[in-house]
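One file, final_12.cif, is given below (mmCIF, C-alpha atoms).
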data_upload
#
loop_
_atom_site.label_atom_id
_atom_site.label_comp_id
_atom_site.auth_asym_id
_atom_site.auth_seq_id
_atom_site.Cartn_x
_atom_site.Cartn_y
_atom_site.Cartn_z
CA MET A 34 111.74 -52.88 88.42
CA SER A 35 112.82 -54.28 85.03
CA ASP A 36 110.97 -53.74 81.75
CA ASP A 37 110.21 -57.48 81.79
CA ASN A 38 108.56 -57.20 85.20
CA ARG A 39 106.54 -54.18 84.13
CA ALA A 40 105.36 -55.93 80.96
CA LEU A 41 104.41 -59.06 82.92
CA LEU A 42 102.42 -57.02 85.46
CA ALA A 43 100.73 -55.17 82.58
CA ALA A 44 99.69 -58.52 81.05
CA ASN A 45 98.31 -59.56 84.43
CA GLU A 46 96.37 -56.27 84.64
CA ALA A 47 94.97 -56.88 81.16
CA PHE A 48 93.75 -60.28 82.38
CA TYR A 49 91.83 -58.70 85.27
CA ARG A 50 90.57 -55.86 83.08
CA ALA A 51 89.02 -58.44 80.72
CA PHE A 52 87.71 -60.40 83.73
CA SER A 53 86.10 -57.47 85.56
CA GLY A 54 84.86 -55.92 82.28
CA ARG A 55 83.28 -59.26 81.23
CA ASP A 56 85.14 -58.86 77.93
CA ALA A 57 85.18 -62.43 76.61
CA GLU A 58 86.92 -61.44 73.35
CA ALA A 59 89.75 -59.71 75.18
CA MET A 60 90.04 -62.67 77.57
CA ALA A 61 90.20 -65.15 74.67
CA GLY A 62 92.98 -63.12 73.08
CA LEU A 63 95.09 -63.15 76.23
CA TRP A 64 95.62 -66.93 76.30
CA ALA A 65 98.66 -68.52 74.64
CA ARG A 66 98.17 -70.26 71.31
CA THR A 67 101.55 -71.96 70.73
CA VAL A 68 101.66 -74.09 73.90
CA PRO A 69 99.08 -76.13 75.84
CA VAL A 70 97.24 -74.17 78.54
CA ALA A 71 95.45 -75.05 81.79
CA CYS A 72 93.07 -73.33 84.19
CA ILE A 73 91.84 -74.03 87.73
CA HIS A 74 88.79 -71.92 88.59
CA PRO A 75 88.33 -71.73 92.38
CA GLY A 76 86.90 -74.97 93.75
CA TRP A 77 86.85 -76.62 90.33
CA ASP A 78 89.00 -79.26 88.73
CA VAL A 79 91.74 -78.65 86.18
CA LEU A 80 90.65 -77.62 82.70
CA THR A 81 93.07 -78.16 79.83
CA ASP A 82 93.36 -77.23 76.16
CA HIS A 83 92.81 -73.79 74.70
CA GLU A 84 89.26 -74.35 73.48
CA THR A 85 87.98 -75.73 76.81
CA VAL A 86 89.69 -73.04 78.88
CA VAL A 87 88.51 -70.16 76.69
CA ALA A 88 84.97 -71.62 76.60
CA SER A 89 84.93 -71.72 80.43
CA TRP A 90 85.82 -68.01 80.51
CA ARG A 91 83.17 -67.21 77.90
CA ARG A 92 80.55 -68.94 80.06
CA LEU A 93 81.81 -67.25 83.21
CA LEU A 94 81.92 -63.76 81.69
CA ALA A 95 78.52 -64.18 80.00
CA ASN A 96 76.97 -64.76 83.43
CA PRO A 97 75.42 -61.47 84.59
CA ALA A 98 75.95 -62.71 88.17
CA SER A 99 79.71 -63.06 87.60
CA PRO A 100 81.56 -61.06 90.20
CA ALA A 101 83.30 -57.72 89.99
CA VAL A 102 86.91 -58.65 90.64
CA ARG A 103 89.81 -56.38 91.50
CA CYS A 104 93.46 -57.45 91.39
CA ARG A 105 95.67 -56.34 94.30
CA ASP A 106 99.21 -56.98 95.53
CA ALA A 107 100.47 -58.38 92.22
CA ARG A 108 104.06 -59.60 92.26
CA ALA A 109 105.87 -60.73 89.11
CA PHE A 110 108.46 -63.51 88.85
CA ILE A 111 110.44 -63.75 85.59
CA LEU A 112 111.79 -67.14 84.46
CA GLY A 113 113.37 -66.32 81.08
CA THR A 114 110.71 -66.63 78.39
CA ALA A 115 108.13 -67.62 81.01
CA GLY A 116 106.99 -65.95 84.20
CA PHE A 117 104.28 -65.94 86.80
CA VAL A 118 102.34 -63.44 88.87
CA VAL A 119 100.84 -64.04 92.31
CA CYS A 120 98.11 -61.65 93.41
CA HIS A 121 94.93 -61.25 95.41
CA GLU A 122 91.54 -61.21 93.73
CA VAL A 123 89.22 -58.95 95.70
CA LEU A 124 85.58 -59.90 95.29
CA PRO A 125 82.42 -58.72 97.03
CA GLU A 126 82.28 -62.03 98.94
CA GLY A 127 85.91 -62.29 99.94
CA VAL A 128 89.49 -62.50 98.80
CA LEU A 129 91.09 -65.17 96.64
CA VAL A 130 94.77 -65.73 95.99
CA ALA A 131 95.82 -66.48 92.41
CA THR A 132 98.75 -67.74 90.40
CA ASN A 133 98.87 -66.67 86.76
CA VAL A 134 101.56 -68.25 84.58
CA PHE A 135 102.62 -66.51 81.37
CA VAL A 136 104.80 -67.31 78.37
CA ARG A 137 106.30 -64.89 75.88
CA GLU A 138 104.65 -65.39 72.50
CA ASP A 139 105.61 -63.13 69.58
CA GLY A 140 107.06 -60.65 72.06
CA ALA A 141 103.93 -60.46 74.26
CA TRP A 142 103.21 -62.16 77.59
CA LYS A 143 100.33 -64.61 77.15
CA VAL A 144 98.49 -66.57 79.86
CA VAL A 145 99.21 -70.32 79.96
CA HIS A 146 97.74 -71.14 83.37
CA HIS A 147 95.52 -69.65 86.07
CA GLN A 148 94.72 -71.02 89.53
CA ALA A 149 92.67 -69.13 92.10
CA GLY A 150 91.65 -70.33 95.53
CA PRO A 151 90.48 -69.06 98.90
CA VAL A 152 92.78 -67.27 101.30
CA ALA A 153 92.26 -66.41 104.94
CA THR A 154 92.16 -62.62 104.80
CA ALA A 155 93.52 -62.41 108.34
CA ALA A 156 96.47 -64.62 107.42
CA ALA A 157 99.51 -62.52 108.16
CA GLU A 158 101.70 -65.27 109.59
CA PRO A 159 103.33 -68.21 107.83
CA PRO A 160 101.45 -71.45 108.50
CA ALA A 161 102.33 -73.70 111.45
CA GLY A 162 100.59 -76.45 109.54
CA ARG A 163 98.17 -76.77 106.67
CA PRO A 164 94.50 -76.18 107.46
CA ARG A 165 93.15 -78.94 109.68
CA ARG A 166 89.98 -79.45 107.71
CA LEU A 167 91.97 -80.61 104.72
CA HIS A 168 94.89 -82.31 106.41
CA MET B 240 106.33 -87.94 76.06
CA SER B 241 109.52 -85.89 75.74
CA ASP B 242 112.57 -86.25 77.99
CA ASP B 243 111.81 -82.72 79.27
CA ASN B 244 108.30 -83.78 80.29
CA ARG B 245 109.59 -86.91 81.98
CA ALA B 246 112.23 -84.93 83.91
CA LEU B 247 109.66 -82.33 84.97
CA LEU B 248 107.26 -85.03 86.21
CA ALA B 249 110.17 -86.70 88.05
CA ALA B 250 110.95 -83.39 89.79
CA ASN B 251 107.29 -83.11 90.76
CA GLU B 252 107.38 -86.66 92.14
CA ALA B 253 110.51 -85.80 94.16
CA PHE B 254 108.57 -82.87 95.65
CA TYR B 255 105.75 -85.16 96.83
CA ARG B 256 108.22 -87.83 98.00
CA ALA B 257 109.88 -85.21 100.26
CA PHE B 258 106.43 -83.97 101.34
CA SER B 259 104.93 -87.38 102.20
CA GLY B 260 108.23 -88.60 103.70
CA ARG B 261 108.49 -85.47 105.90
CA ASP B 262 112.01 -85.07 104.55
CA ALA B 263 112.70 -81.39 105.23
CA GLU B 264 116.29 -81.57 103.92
CA ALA B 265 115.18 -83.05 100.61
CA MET B 266 112.37 -80.47 100.39
CA ALA B 267 114.80 -77.60 101.05
CA GLY B 268 117.09 -78.88 98.29
CA LEU B 269 114.27 -78.95 95.73
CA TRP B 270 113.63 -75.19 95.75
CA ALA B 271 115.38 -72.87 93.27
CA ARG B 272 118.28 -70.78 94.55
CA THR B 273 119.00 -68.47 91.59
CA VAL B 274 115.56 -66.84 91.28
CA PRO B 275 112.97 -65.57 93.80
CA VAL B 276 110.43 -68.18 94.88
CA ALA B 277 106.86 -68.10 96.24
CA CYS B 278 104.49 -70.54 97.93
CA ILE B 279 100.76 -70.57 98.67
CA HIS B 280 99.87 -73.27 101.19
CA PRO B 281 96.13 -74.08 101.01
CA GLY B 282 94.07 -71.37 102.68
CA TRP B 283 97.11 -69.26 103.50
CA ASP B 284 98.52 -66.10 102.06
CA VAL B 285 101.48 -65.87 99.68
CA LEU B 286 104.93 -66.54 101.15
CA THR B 287 107.95 -65.19 99.31
CA ASP B 288 111.73 -65.52 99.49
CA HIS B 289 113.67 -68.74 99.74
CA GLU B 290 114.29 -68.62 103.50
CA THR B 291 110.63 -67.97 104.42
CA VAL B 292 109.29 -70.61 102.03
CA VAL B 293 111.77 -73.30 103.11
CA ALA B 294 111.12 -72.47 106.78
CA SER B 295 107.37 -72.93 106.23
CA TRP B 296 108.03 -76.41 104.81
CA ARG B 297 110.37 -77.26 107.70
CA ARG B 298 107.59 -76.34 110.16
CA LEU B 299 104.98 -78.22 108.18
CA LEU B 300 107.08 -81.38 107.81
CA ALA B 301 108.22 -81.31 111.46
CA ASN B 302 104.56 -81.50 112.52
CA PRO B 303 103.78 -85.13 113.37
CA ALA B 304 100.16 -84.36 112.47
CA SER B 305 101.15 -83.30 108.94
CA PRO B 306 99.19 -85.33 106.43
CA ALA B 307 100.18 -88.26 104.28
CA VAL B 308 99.88 -86.83 100.77
CA ARG B 309 99.80 -88.68 97.48
CA CYS B 310 100.20 -87.00 94.09
CA ARG B 311 97.86 -88.14 91.32
CA ASP B 312 97.00 -87.10 87.76
CA ALA B 313 100.17 -85.03 87.26
CA ARG B 314 100.40 -83.23 83.93
CA ALA B 315 103.53 -81.37 82.82
CA PHE B 316 103.66 -78.17 80.74
CA ILE B 317 107.06 -77.12 79.35
CA LEU B 318 107.76 -73.43 78.70
CA GLY B 319 111.41 -73.48 77.59
CA THR B 320 113.63 -73.22 80.65
CA ALA B 321 110.58 -73.08 82.90
CA GLY B 322 107.58 -75.38 83.26
CA PHE B 323 104.69 -76.22 85.50
CA VAL B 324 102.82 -79.28 86.70
CA VAL B 325 99.17 -79.47 87.70
CA CYS B 326 98.14 -82.42 89.85
CA HIS B 327 95.84 -83.63 92.57
CA GLU B 328 97.04 -84.00 96.15
CA VAL B 329 95.18 -86.89 97.76
CA LEU B 330 94.93 -86.52 101.54
CA PRO B 331 93.00 -88.47 104.18
CA GLU B 332 90.54 -85.56 104.46
CA GLY B 333 90.03 -84.80 100.81
CA VAL B 334 91.59 -83.84 97.52
CA LEU B 335 93.46 -80.64 96.70
CA VAL B 336 94.50 -79.38 93.30
CA ALA B 337 97.99 -77.96 92.94
CA THR B 338 100.14 -75.93 90.59
CA ASN B 339 103.89 -76.43 90.89
CA VAL B 340 106.11 -74.11 88.84
CA PHE B 341 109.67 -75.15 88.06
CA VAL B 342 112.75 -73.57 86.52
CA ARG B 343 115.79 -75.30 85.09
CA GLU B 344 118.79 -74.61 87.32
CA ASP B 345 122.16 -76.22 86.51
CA GLY B 346 120.36 -78.76 84.35
CA ALA B 347 117.83 -79.78 87.02
CA TRP B 348 114.18 -78.74 87.44
CA LYS B 349 113.82 -76.78 90.69
CA VAL B 350 110.59 -75.57 92.33
CA VAL B 351 109.95 -71.81 92.18
CA HIS B 352 106.28 -71.76 93.18
CA HIS B 353 103.60 -73.98 94.70
CA GLN B 354 99.89 -73.28 95.11
CA ALA B 355 97.44 -75.85 96.46
CA GLY B 356 93.73 -75.36 97.09
CA PRO B 357 90.50 -77.28 97.52
CA VAL B 358 88.77 -78.98 94.63
CA ALA B 359 85.30 -80.45 94.42
CA THR B 360 86.07 -84.15 93.96
CA ALA B 361 82.86 -84.63 92.05
CA ALA B 362 83.78 -81.85 89.62
CA ALA B 363 83.79 -83.50 86.23
CA GLU B 364 82.18 -80.68 84.28
CA PRO B 365 83.62 -77.26 83.41
CA PRO B 366 82.15 -74.53 85.61
CA ALA B 367 79.05 -72.62 84.57
CA GLY B 368 80.20 -69.94 87.00
CA ARG B 369 82.62 -69.61 89.85
CA PRO B 370 81.43 -70.88 93.23
CA ARG B 371 78.64 -68.74 94.59
CA ARG B 372 80.09 -68.48 98.06
CA LEU B 373 83.13 -66.64 96.73
CA HIS B 374 81.66 -64.78 93.78
#
Please, can you express the file's structure as structure tokens?
Amino acid sequence: MSDDNRALLAANEAFYRAFSGRDAEAMAGLWARTVPVACIHPGWDVLTDHETVVASWRRLLANPASPAVRCRDARAFILGTAGFVVCHEVLPEGVLVATNVFVREDGAWKVVHHQAGPVATAAAEPPAGRPRRLH
Amino acid sequence: MSDDNRALLAANEAFYRAFSGRDAEAMAGLWARTVPVACIHPGWDVLTDHETVVASWRRLLANPASPAVRCRDARAFILGTAGFVVCHEVLPEGVLVATNVFVREDGAWKVVHHQAGPVATAAAEPPAGRPRRLH
């Protein structure tokens, strides 16, 4: 594994450490400041701009009912000065699958986009079609 | 809007043209070949590697019951030689929200990652928390 990959996975781990530790300050500091950002919380519509996205995390992490989340199966994909990680988010109520997009800013990987959504935990096979309920 | 943004949105449109037209050859040609790729069909687990991802699209597009999809509200985010688009996928049964990640390959934007998942169509407000059923 390259140093780039390791650094990208470490940035992804920092994201979930802030998330599970309800550390809103750490979370705010992880998001990119030099480029526009976006965020898709599970089931919700797209949020854009730094202030709106960070505010959504502050609200989420301030909620004492916010879940304990654990990141599993993270895989890093480097695209030059950008990259993304796909991983599972393990929650008490089930498993989500997430995409976290990062950009290198002043030598550090910063989050520019997050999308998490439900995944069938028993899904081991590639799809024969998309889920019927939605298609 | 910059030329980069326009080209990225055009690549995203080509993706949905291949999808809605069930054009498996066009879809196969849109995916990056020089870097590893990933794909998260809605409700399914992560697929990786070019062959597996393209095969999943061939199966999906060969299915006569595969949905007519229309892309709406696409927004492009440029990150140097990479970029991503967030958009809505409008289907007969509902609306999905998608992230499509692209990388520049031989001067053209190629898909390296796709994630689509459900969105509450009435969601106009930022979340106060993540959905209860999953958190």
Legend entry - Result set, the PyMOL selection byres ((chain B and resi 281-295) around 6) on current file, as a count of residues only: 16
Inset, instruction - May I have the residues within 12 Å of Thr114 in chain A as a PyMOL selection string, using all atoms listed in the file and disregarding those fewer than 3 positions away in the same chain? - result: (chain A and resi 37-38+41+110-111+117+134-143) or (chain B and resi 317-322+342)
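Nearest to chain A of all the residues B:Arg314, B:Val308, B:Trp270, B:Leu299 is B:Leu299, based on only C-alpha atoms.
Taking CA of Leu248 in chain B as the reference point, CA of Val145 in chain A is found at 17.9 Å.
Separating CA of Leu269 in chain B from CA of Val350 in chain B is a distance of 6.0 Å.
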Chain B onto chain A, all Cα, least squares, as a compact mmCIF listing (two decimals) with C-alpha atoms, in the frame of the given file:
# COMPACT_ATOMS: atom_id res chain seq x y z
CA MET B 240 111.72 -52.87 88.42
CA SER B 241 112.81 -54.28 85.05
CA ASP B 242 110.96 -53.74 81.77
CA ASP B 243 110.20 -57.50 81.79
CA ASN B 244 108.56 -57.21 85.21
CA ARG B 245 106.55 -54.19 84.14
CA ALA B 246 105.35 -55.95 80.97
CA LEU B 247 104.41 -59.07 82.93
CA LEU B 248 102.43 -57.03 85.47
CA ALA B 249 100.74 -55.17 82.58
CA ALA B 250 99.70 -58.52 81.06
CA ASN B 251 98.31 -59.56 84.44
CA GLU B 252 96.38 -56.28 84.65
CA ALA B 253 94.97 -56.88 81.15
CA PHE B 254 93.75 -60.28 82.38
CA TYR B 255 91.83 -58.70 85.28
CA ARG B 256 90.57 -55.85 83.07
CA ALA B 257 89.03 -58.45 80.71
CA PHE B 258 87.72 -60.40 83.73
CA SER B 259 86.10 -57.46 85.55
CA GLY B 260 84.87 -55.93 82.27
CA ARG B 261 83.29 -59.25 81.21
CA ASP B 262 85.14 -58.85 77.93
CA ALA B 263 85.19 -62.42 76.61
CA GLU B 264 86.92 -61.44 73.34
CA ALA B 265 89.76 -59.71 75.16
CA MET B 266 90.03 -62.67 77.56
CA ALA B 267 90.20 -65.15 74.67
CA GLY B 268 92.98 -63.11 73.06
CA LEU B 269 95.09 -63.15 76.23
CA TRP B 270 95.62 -66.93 76.30
CA ALA B 271 98.67 -68.53 74.64
CA ARG B 272 98.16 -70.26 71.30
CA THR B 273 101.54 -71.96 70.73
CA VAL B 274 101.66 -74.09 73.90
CA PRO B 275 99.06 -76.13 75.84
CA VAL B 276 97.23 -74.18 78.53
CA ALA B 277 95.44 -75.06 81.79
CA CYS B 278 93.06 -73.33 84.20
CA ILE B 279 91.83 -74.04 87.73
CA HIS B 280 88.80 -71.92 88.59
CA PRO B 281 88.34 -71.74 92.39
CA GLY B 282 86.89 -74.98 93.74
CA TRP B 283 86.85 -76.64 90.33
CA ASP B 284 88.98 -79.27 88.72
CA VAL B 285 91.74 -78.64 86.17
CA LEU B 286 90.65 -77.62 82.67
CA THR B 287 93.08 -78.15 79.82
CA ASP B 288 93.35 -77.22 76.14
CA HIS B 289 92.82 -73.79 74.68
CA GLU B 290 89.25 -74.34 73.46
CA THR B 291 87.98 -75.73 76.79
CA VAL B 292 89.68 -73.04 78.87
CA VAL B 293 88.51 -70.15 76.67
CA ALA B 294 84.98 -71.61 76.60
CA SER B 295 84.94 -71.71 80.42
CA TRP B 296 85.82 -68.00 80.51
CA ARG B 297 83.17 -67.20 77.89
CA ARG B 298 80.55 -68.93 80.08
CA LEU B 299 81.82 -67.25 83.21
CA LEU B 300 81.93 -63.76 81.68
CA ALA B 301 78.53 -64.16 79.98
CA ASN B 302 76.97 -64.75 83.42
CA PRO B 303 75.42 -61.47 84.57
CA ALA B 304 75.95 -62.70 88.14
CA SER B 305 79.71 -63.06 87.58
CA PRO B 306 81.55 -61.05 90.19
CA ALA B 307 83.29 -57.71 89.99
CA VAL B 308 86.92 -58.64 90.63
CA ARG B 309 89.81 -56.37 91.50
CA CYS B 310 93.46 -57.45 91.40
CA ARG B 311 95.66 -56.33 94.29
CA ASP B 312 99.20 -56.98 95.55
CA ALA B 313 100.46 -58.38 92.23
CA ARG B 314 104.04 -59.61 92.27
CA ALA B 315 105.86 -60.74 89.12
CA PHE B 316 108.45 -63.53 88.85
CA ILE B 317 110.44 -63.77 85.60
CA LEU B 318 111.79 -67.16 84.48
CA GLY B 319 113.35 -66.33 81.10
CA THR B 320 110.70 -66.65 78.41
CA ALA B 321 108.12 -67.63 81.01
CA GLY B 322 106.98 -65.95 84.21
CA PHE B 323 104.27 -65.95 86.80
CA VAL B 324 102.33 -63.46 88.89
CA VAL B 325 100.83 -64.04 92.32
CA CYS B 326 98.10 -61.65 93.42
CA HIS B 327 94.93 -61.26 95.41
CA GLU B 328 91.53 -61.21 93.72
CA VAL B 329 89.22 -58.94 95.71
CA LEU B 330 85.56 -59.90 95.30
CA PRO B 331 82.40 -58.71 97.05
CA GLU B 332 82.28 -62.00 98.98
CA GLY B 333 85.91 -62.30 99.94
CA VAL B 334 89.49 -62.49 98.80
CA LEU B 335 91.08 -65.17 96.64
CA VAL B 336 94.76 -65.73 95.98
CA ALA B 337 95.81 -66.47 92.42
CA THR B 338 98.74 -67.74 90.40
CA ASN B 339 98.86 -66.66 86.76
CA VAL B 340 101.55 -68.25 84.58
CA PHE B 341 102.61 -66.52 81.38
CA VAL B 342 104.79 -67.31 78.38
CA ARG B 343 106.30 -64.90 75.90
CA GLU B 344 104.64 -65.39 72.51
CA ASP B 345 105.61 -63.13 69.59
CA GLY B 346 107.05 -60.65 72.06
CA ALA B 347 103.93 -60.47 74.25
CA TRP B 348 103.21 -62.16 77.60
CA LYS B 349 100.32 -64.61 77.15
CA VAL B 350 98.49 -66.57 79.86
CA VAL B 351 99.19 -70.33 79.96
CA HIS B 352 97.73 -71.14 83.38
CA HIS B 353 95.51 -69.65 86.08
CA GLN B 354 94.74 -71.03 89.54
CA ALA B 355 92.66 -69.13 92.09
CA GLY B 356 91.63 -70.33 95.54
CA PRO B 357 90.46 -69.07 98.91
CA VAL B 358 92.76 -67.29 101.30
CA ALA B 359 92.25 -66.41 104.94
CA THR B 360 92.18 -62.61 104.80
CA ALA B 361 93.54 -62.41 108.31
CA ALA B 362 96.50 -64.61 107.39
CA ALA B 363 99.54 -62.50 108.16
CA GLU B 364 101.70 -65.24 109.63
CA PRO B 365 103.32 -68.21 107.86
CA PRO B 366 101.44 -71.44 108.55
CA ALA B 367 102.36 -73.67 111.46
CA GLY B 368 100.59 -76.44 109.56
CA ARG B 369 98.19 -76.77 106.70
CA PRO B 370 94.52 -76.22 107.51
CA ARG B 371 93.18 -78.98 109.70
CA ARG B 372 90.03 -79.49 107.70
CA LEU B 373 92.04 -80.58 104.67
CA HIS B 374 95.04 -82.21 106.30
